[in-house]
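Below: the structure, in structure tokens.
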Amino acid sequence: MKRRSLFLLAAAIALAGSASAQQTLRMSTTTSTENSGLLAYLLPIYEAKTGTKVQVISVGTGKALELAKNGDVDVTLVHARAAEDKFVAEGWGVDRRDVMYNDFIVVGPVSDPDRIKGGKDVLAAFRKMAAGPARFISRGDNSGTDIMEKAYWKQVGAQPVGARYVSAGLGMGEVLTMAAELQAYTLTDRATYGVYQAKTGLAIMVEGDPKMFNPYGIIAVNPARHPGINYKGAKQLIEWITSPEGQARIAAFKPAGQQLFYPSAK
């Protein structure tokens, strides 16, 4: 009888552990969704509604997709469409959905030493920054922002040389802080800039170019590649964040009255 009781207790503990694991969802995402405060606003609503605890790993898009590829997370929310499409095409991710968008902007010191302020042509601004006297701070971390920046330099066919080009290998908030300290330019998503604007004193130099469109997508890790992942939980989050309720919550996120993300789920 004692042996049977111990067996039942062990089975109950195992079941409880399994149930607990099923209520945890691991998500890799970009620093912009974290730094902007969007996830701190969205996830408690989702967690209260579903009883799921979402564990967030905030890194650049390249690293976020790598974590998903390795099966270290269940779902990923990123912003680099070409990399996302490749990730899905190679069979690492499934059920990709559009979630929201904002845009990239070029920011820099108010003194504007490269004379780019007010422009709406991002490539023209990059040409001036390649030749101008000021420094440019690059994310240098294979994030969505970094990928976009590198694409602009490639199209221009030049970039700042020597000490004028700093590859930081840091998140967006840290890069904005560094740009302010060094009186340098950088490319940033509008959401993170909105949070750091007052801290850094950096001004918007270039905005409004269609080439600076910045869409975000959410992707479940393919359970056929990683059978142990929480695919059911990933699907549940995808359905919620792209539902009318989730999309309305994104639209309502307006720190200091400024809308930082625009819903785009179809």
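Chain labels A, B, ... are given in the sequence in which chains occur in the structure tokens; within each chain residues are numbered consecutively from 1, and ligands are likewise numbered from 1 in the order shown.
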Please give the complete set of residues from region 115-196 of chain A that DSSP, run on the backbone, assigns to strand (DSSP E or B), formatted as a list of chain:residue names.
-> A:Gly119, A:Phe136, A:Ile137, A:Ser138, A:Tyr165, A:Val166, A:Ser167, A:Tyr185, A:Thr186, A:Leu187, A:Thr188, A:Asp189
Using only C-alpha atoms, determine which residues lie at most 12 Å from Leu39 (chain A), disregarding the query and same-chain residues fewer than 4 positions distant; provide the list as a compact mmCIF listing (two decimals) with N, CA, C and O atoms, in the first residue's frame.
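Full text of part.txt as output:
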# COMPACT_ATOMS: atom_id res chain seq x y z
N MET A 27 9.16 32.87 -25.99
CA MET A 27 9.12 33.71 -27.19
C MET A 27 10.41 34.50 -27.34
O MET A 27 10.84 35.18 -26.42
N SER A 28 11.02 34.40 -28.52
CA SER A 28 12.13 35.29 -28.85
C SER A 28 11.56 36.46 -29.63
O SER A 28 10.65 36.31 -30.44
N THR A 29 12.11 37.63 -29.39
CA THR A 29 11.61 38.82 -30.07
C THR A 29 12.71 39.87 -30.16
O THR A 29 13.80 39.69 -29.63
N THR A 30 12.41 40.94 -30.84
CA THR A 30 13.40 41.99 -31.07
C THR A 30 13.46 42.96 -29.91
O THR A 30 12.52 43.06 -29.11
N THR A 31 14.55 43.69 -29.82
CA THR A 31 14.69 44.65 -28.74
C THR A 31 13.68 45.78 -28.85
O THR A 31 13.31 46.38 -27.84
N SER A 32 13.19 46.06 -30.05
CA SER A 32 12.24 47.17 -30.21
C SER A 32 10.91 46.90 -29.52
O SER A 32 10.30 47.80 -28.93
N THR A 33 10.44 45.65 -29.56
CA THR A 33 9.17 45.35 -28.91
C THR A 33 9.33 45.38 -27.39
O THR A 33 8.37 45.68 -26.67
N GLU A 34 10.54 45.08 -26.93
CA GLU A 34 10.82 45.11 -25.48
C GLU A 34 11.10 46.54 -25.01
O GLU A 34 10.49 47.02 -24.06
N ASN A 35 12.03 47.23 -25.69
CA ASN A 35 12.42 48.58 -25.27
C ASN A 35 11.28 49.58 -25.32
O ASN A 35 11.22 50.50 -24.51
N LEU A 43 1.48 41.60 -22.92
CA LEU A 43 1.54 40.23 -22.41
C LEU A 43 0.77 39.99 -21.12
O LEU A 43 0.15 38.93 -20.96
N PRO A 44 0.75 40.94 -20.16
CA PRO A 44 -0.07 40.69 -18.97
C PRO A 44 -1.55 40.49 -19.30
O PRO A 44 -2.24 39.70 -18.64
N ILE A 45 -2.04 41.17 -20.33
CA ILE A 45 -3.43 41.00 -20.76
C ILE A 45 -3.64 39.59 -21.29
O ILE A 45 -4.60 38.89 -20.94
N TYR A 46 -2.70 39.15 -22.12
CA TYR A 46 -2.79 37.80 -22.69
C TYR A 46 -2.64 36.73 -21.62
O TYR A 46 -3.37 35.73 -21.61
N GLU A 47 -1.70 36.93 -20.71
CA GLU A 47 -1.46 35.94 -19.66
C GLU A 47 -2.67 35.79 -18.74
O GLU A 47 -3.04 34.68 -18.36
N VAL A 54 4.30 33.87 -20.44
CA VAL A 54 5.16 34.05 -21.61
C VAL A 54 6.54 34.48 -21.15
O VAL A 54 6.70 35.53 -20.51
N GLN A 55 7.53 33.66 -21.45
CA GLN A 55 8.93 33.98 -21.15
C GLN A 55 9.56 34.63 -22.38
O GLN A 55 9.62 34.00 -23.44
N VAL A 56 10.02 35.85 -22.25
CA VAL A 56 10.51 36.63 -23.38
C VAL A 56 12.03 36.68 -23.40
O VAL A 56 12.67 36.96 -22.38
N ILE A 57 12.61 36.41 -24.57
CA ILE A 57 14.03 36.61 -24.79
C ILE A 57 14.15 37.71 -25.84
O ILE A 57 13.76 37.53 -26.99
N SER A 58 14.68 38.86 -25.44
CA SER A 58 14.74 40.03 -26.32
C SER A 58 16.15 40.19 -26.88
O SER A 58 17.10 40.47 -26.14
N LEU A 77 8.74 36.71 -32.67
CA LEU A 77 8.12 37.94 -33.17
C LEU A 77 9.25 38.86 -33.61
O LEU A 77 10.00 39.38 -32.78
N ILE A 241 -2.87 37.58 -30.88
CA ILE A 241 -2.24 38.85 -31.23
C ILE A 241 -2.70 39.36 -32.60
O ILE A 241 -2.62 40.55 -32.90
N GLY A 246 -6.48 41.57 -30.03
CA GLY A 246 -5.05 41.81 -29.98
C GLY A 246 -4.63 43.01 -30.82
O GLY A 246 -3.80 43.83 -30.41
N ARG A 249 -5.55 46.20 -29.13
CA ARG A 249 -4.63 46.49 -28.04
C ARG A 249 -3.35 47.14 -28.57
O ARG A 249 -2.82 48.07 -27.96
N ILE A 250 -2.85 46.64 -29.70
CA ILE A 250 -1.64 47.23 -30.30
C ILE A 250 -1.91 48.67 -30.71
O ILE A 250 -1.10 49.57 -30.46
N PHE A 253 -1.85 51.17 -27.85
CA PHE A 253 -0.59 51.39 -27.14
C PHE A 253 0.01 52.72 -27.60
O PHE A 253 0.58 52.83 -28.68
N PHE A 261 3.13 51.62 -32.94
CA PHE A 261 2.92 50.46 -33.80
C PHE A 261 1.51 50.52 -34.38
O PHE A 261 0.57 50.96 -33.70
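For region 127-139 of chain A, the list of residues within 7 Å, based on only C-alpha atoms and with local chain neighbours fewer than 3 positions off taken out, reads A:Pro113, A:Asp114, A:Leu123, A:Ala124, A:Asp146, A:Val156, A:Ala158, A:Gln159, A:Pro160, A:Arg164, A:Tyr165, A:Val166, A:Ser167, A:Ala168, A:Gly169, A:Leu170, A:Gly171, A:Met172, A:Val175, A:Ala179, A:Ala184, A:Tyr185, A:Thr186.
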Pull N, CA and C atoms from the residues just selected and write them as a PDB file, in the first residue's frame.
ATOM      1  N   PRO A 113      25.742  67.794 -38.480  1.00  0.00           N
ATOM      2  CA  PRO A 113      26.970  68.119 -39.236  1.00  0.00           C
ATOM      3  C   PRO A 113      26.981  67.624 -40.675  1.00  0.00           C
ATOM      4  N   ASP A 114      26.232  66.570 -40.990  1.00  0.00           N
ATOM      5  CA  ASP A 114      26.217  66.059 -42.370  1.00  0.00           C
ATOM      6  C   ASP A 114      25.116  66.688 -43.224  1.00  0.00           C
ATOM      7  N   LEU A 123      18.350  57.001 -49.133  1.00  0.00           N
ATOM      8  CA  LEU A 123      19.612  56.713 -49.817  1.00  0.00           C
ATOM      9  C   LEU A 123      20.431  57.986 -50.024  1.00  0.00           C
ATOM     10  N   ALA A 124      19.760  59.090 -50.310  1.00  0.00           N
ATOM     11  CA  ALA A 124      20.470  60.366 -50.444  1.00  0.00           C
ATOM     12  C   ALA A 124      21.125  60.743 -49.115  1.00  0.00           C
ATOM     13  N   ASP A 146      19.743  46.362 -38.252  1.00  0.00           N
ATOM     14  CA  ASP A 146      21.093  46.209 -38.800  1.00  0.00           C
ATOM     15  C   ASP A 146      21.052  45.704 -40.239  1.00  0.00           C
ATOM     16  N   VAL A 156      23.876  52.276 -51.794  1.00  0.00           N
ATOM     17  CA  VAL A 156      24.611  53.520 -51.999  1.00  0.00           C
ATOM     18  C   VAL A 156      25.998  53.243 -52.588  1.00  0.00           C
ATOM     19  N   ALA A 158      28.737  52.861 -50.717  1.00  0.00           N
ATOM     20  CA  ALA A 158      29.780  53.455 -49.867  1.00  0.00           C
ATOM     21  C   ALA A 158      29.261  53.515 -48.441  1.00  0.00           C
ATOM     22  N   GLN A 159      30.177  53.721 -47.492  1.00  0.00           N
ATOM     23  CA  GLN A 159      29.785  53.945 -46.104  1.00  0.00           C
ATOM     24  C   GLN A 159      30.917  54.682 -45.407  1.00  0.00           C
ATOM     25  N   PRO A 160      30.657  55.261 -44.224  1.00  0.00           N
ATOM     26  CA  PRO A 160      31.728  55.971 -43.514  1.00  0.00           C
ATOM     27  C   PRO A 160      32.921  55.047 -43.277  1.00  0.00           C
ATOM     28  N   ARG A 164      34.885  56.752 -38.245  1.00  0.00           N
ATOM     29  CA  ARG A 164      33.550  57.353 -38.422  1.00  0.00           C
ATOM     30  C   ARG A 164      32.435  56.300 -38.481  1.00  0.00           C
ATOM     31  N   TYR A 165      32.796  55.028 -38.591  1.00  0.00           N
ATOM     32  CA  TYR A 165      31.787  53.965 -38.594  1.00  0.00           C
ATOM     33  C   TYR A 165      32.029  53.065 -37.384  1.00  0.00           C
ATOM     34  N   VAL A 166      31.059  53.042 -36.478  1.00  0.00           N
ATOM     35  CA  VAL A 166      31.186  52.284 -35.238  1.00  0.00           C
ATOM     36  C   VAL A 166      30.166  51.153 -35.241  1.00  0.00           C
ATOM     37  N   SER A 167      30.656  49.922 -35.243  1.00  0.00           N
ATOM     38  CA  SER A 167      29.779  48.758 -35.159  1.00  0.00           C
ATOM     39  C   SER A 167      29.679  48.363 -33.689  1.00  0.00           C
ATOM     40  N   ALA A 168      28.530  48.647 -33.085  1.00  0.00           N
ATOM     41  CA  ALA A 168      28.412  48.553 -31.628  1.00  0.00           C
ATOM     42  C   ALA A 168      28.149  47.142 -31.121  1.00  0.00           C
ATOM     43  N   GLY A 169      27.389  46.350 -31.888  1.00  0.00           N
ATOM     44  CA  GLY A 169      27.011  45.035 -31.399  1.00  0.00           C
ATOM     45  C   GLY A 169      26.079  45.113 -30.203  1.00  0.00           C
ATOM     46  N   LEU A 170      25.215  46.137 -30.187  1.00  0.00           N
ATOM     47  CA  LEU A 170      24.337  46.387 -29.044  1.00  0.00           C
ATOM     48  C   LEU A 170      22.889  46.540 -29.489  1.00  0.00           C
ATOM     49  N   GLY A 171      21.996  46.560 -28.507  1.00  0.00           N
ATOM     50  CA  GLY A 171      20.579  46.778 -28.779  1.00  0.00           C
ATOM     51  C   GLY A 171      20.291  48.214 -29.146  1.00  0.00           C
ATOM     52  N   MET A 172      19.079  48.469 -29.609  1.00  0.00           N
ATOM     53  CA  MET A 172      18.728  49.782 -30.137  1.00  0.00           C
ATOM     54  C   MET A 172      18.809  50.884 -29.085  1.00  0.00           C
ATOM     55  N   VAL A 175      22.390  51.768 -28.497  1.00  0.00           N
ATOM     56  CA  VAL A 175      22.966  52.453 -29.656  1.00  0.00           C
ATOM     57  C   VAL A 175      22.507  53.911 -29.697  1.00  0.00           C
ATOM     58  N   ALA A 179      24.937  57.057 -29.638  1.00  0.00           N
ATOM     59  CA  ALA A 179      24.892  58.095 -30.668  1.00  0.00           C
ATOM     60  C   ALA A 179      24.793  59.480 -30.042  1.00  0.00           C
ATOM     61  N   ALA A 184      26.522  61.427 -32.943  1.00  0.00           N
ATOM     62  CA  ALA A 184      26.566  60.652 -34.183  1.00  0.00           C
ATOM     63  C   ALA A 184      25.166  60.381 -34.701  1.00  0.00           C
ATOM     64  N   TYR A 185      25.111  59.870 -35.918  1.00  0.00           N
ATOM     65  CA  TYR A 185      23.843  59.463 -36.532  1.00  0.00           C
ATOM     66  C   TYR A 185      23.632  57.962 -36.331  1.00  0.00           C
ATOM     67  N   THR A 186      22.376  57.540 -36.430  1.00  0.00           N
ATOM     68  CA  THR A 186      22.086  56.115 -36.455  1.00  0.00           C
ATOM     69  C   THR A 186      20.716  55.898 -37.091  1.00  0.00           C
TER      70      THR A 186
END
Helix (DSSP H, G or I) call set, DSSP backbone run, region 35-241 of chain A, as a count of residues only = 94
Name the residues in contact with Thr145 (chain A) at a cut-off of 10 Å, using only C-alpha atoms, excluding same-chain residues fewer than 2 positions from it; report them as a PyMOL selection string.
-> chain A and resi 30+32+60-61+79-80+104+138-143+147-151+171-172+187-189+214
Print the selection's residues with N, CA and C atoms to a file, as a compact mmCIF listing (two decimals), in the first residue's frame.
# COMPACT_ATOMS: atom_id res chain seq x y z
N THR A 30 12.41 40.94 -30.84
CA THR A 30 13.40 41.99 -31.07
C THR A 30 13.46 42.96 -29.91
N SER A 32 13.19 46.06 -30.05
CA SER A 32 12.24 47.17 -30.21
C SER A 32 10.91 46.90 -29.52
N GLY A 60 18.36 40.75 -31.08
CA GLY A 60 18.17 41.18 -32.47
C GLY A 60 17.44 40.10 -33.25
N THR A 61 16.86 40.48 -34.38
CA THR A 61 16.08 39.53 -35.19
C THR A 61 16.89 38.31 -35.59
N HIS A 79 11.21 41.40 -37.12
CA HIS A 79 10.95 42.36 -38.20
C HIS A 79 12.08 42.39 -39.21
N ALA A 80 12.12 41.36 -40.04
CA ALA A 80 13.06 41.31 -41.17
C ALA A 80 12.43 40.35 -42.17
N PHE A 104 11.31 52.92 -40.00
CA PHE A 104 12.65 53.31 -39.59
C PHE A 104 12.81 54.81 -39.80
N SER A 138 26.38 51.88 -35.87
CA SER A 138 25.63 50.74 -36.41
C SER A 138 25.27 49.77 -35.29
N ARG A 139 24.10 49.16 -35.36
CA ARG A 139 23.75 48.12 -34.40
C ARG A 139 24.81 47.01 -34.44
N GLY A 140 25.17 46.55 -35.65
CA GLY A 140 26.19 45.53 -35.77
C GLY A 140 25.84 44.21 -35.11
N ASP A 141 24.54 43.88 -35.05
CA ASP A 141 24.12 42.68 -34.31
C ASP A 141 23.20 41.76 -35.12
N ASN A 142 23.16 41.97 -36.43
CA ASN A 142 22.31 41.16 -37.31
C ASN A 142 20.83 41.25 -36.93
N SER A 143 20.44 42.37 -36.35
CA SER A 143 19.03 42.63 -36.06
C SER A 143 18.32 43.07 -37.33
N ILE A 147 20.18 44.74 -40.50
CA ILE A 147 20.03 44.20 -41.85
C ILE A 147 19.58 45.30 -42.82
N MET A 148 18.63 46.13 -42.38
CA MET A 148 18.14 47.21 -43.23
C MET A 148 19.24 48.25 -43.48
N GLU A 149 19.96 48.60 -42.43
CA GLU A 149 21.05 49.58 -42.58
C GLU A 149 22.09 49.09 -43.59
N LYS A 150 22.49 47.83 -43.46
CA LYS A 150 23.49 47.28 -44.38
C LYS A 150 22.98 47.29 -45.82
N ALA A 151 21.68 47.08 -45.99
CA ALA A 151 21.10 47.12 -47.33
C ALA A 151 21.18 48.52 -47.93
N GLY A 171 22.00 46.56 -28.51
CA GLY A 171 20.58 46.78 -28.78
C GLY A 171 20.29 48.21 -29.15
N MET A 172 19.08 48.47 -29.61
CA MET A 172 18.73 49.78 -30.14
C MET A 172 18.81 50.88 -29.09
N LEU A 187 20.50 54.66 -37.51
CA LEU A 187 19.19 54.24 -38.02
C LEU A 187 18.47 53.55 -36.87
N THR A 188 17.20 53.89 -36.65
CA THR A 188 16.44 53.31 -35.55
C THR A 188 15.00 53.06 -35.96
N ASP A 189 14.35 52.14 -35.29
CA ASP A 189 12.90 52.03 -35.44
C ASP A 189 12.28 53.17 -34.65
N ASN A 214 8.64 49.23 -41.99
CA ASN A 214 9.18 48.25 -41.04
C ASN A 214 8.06 47.32 -40.53
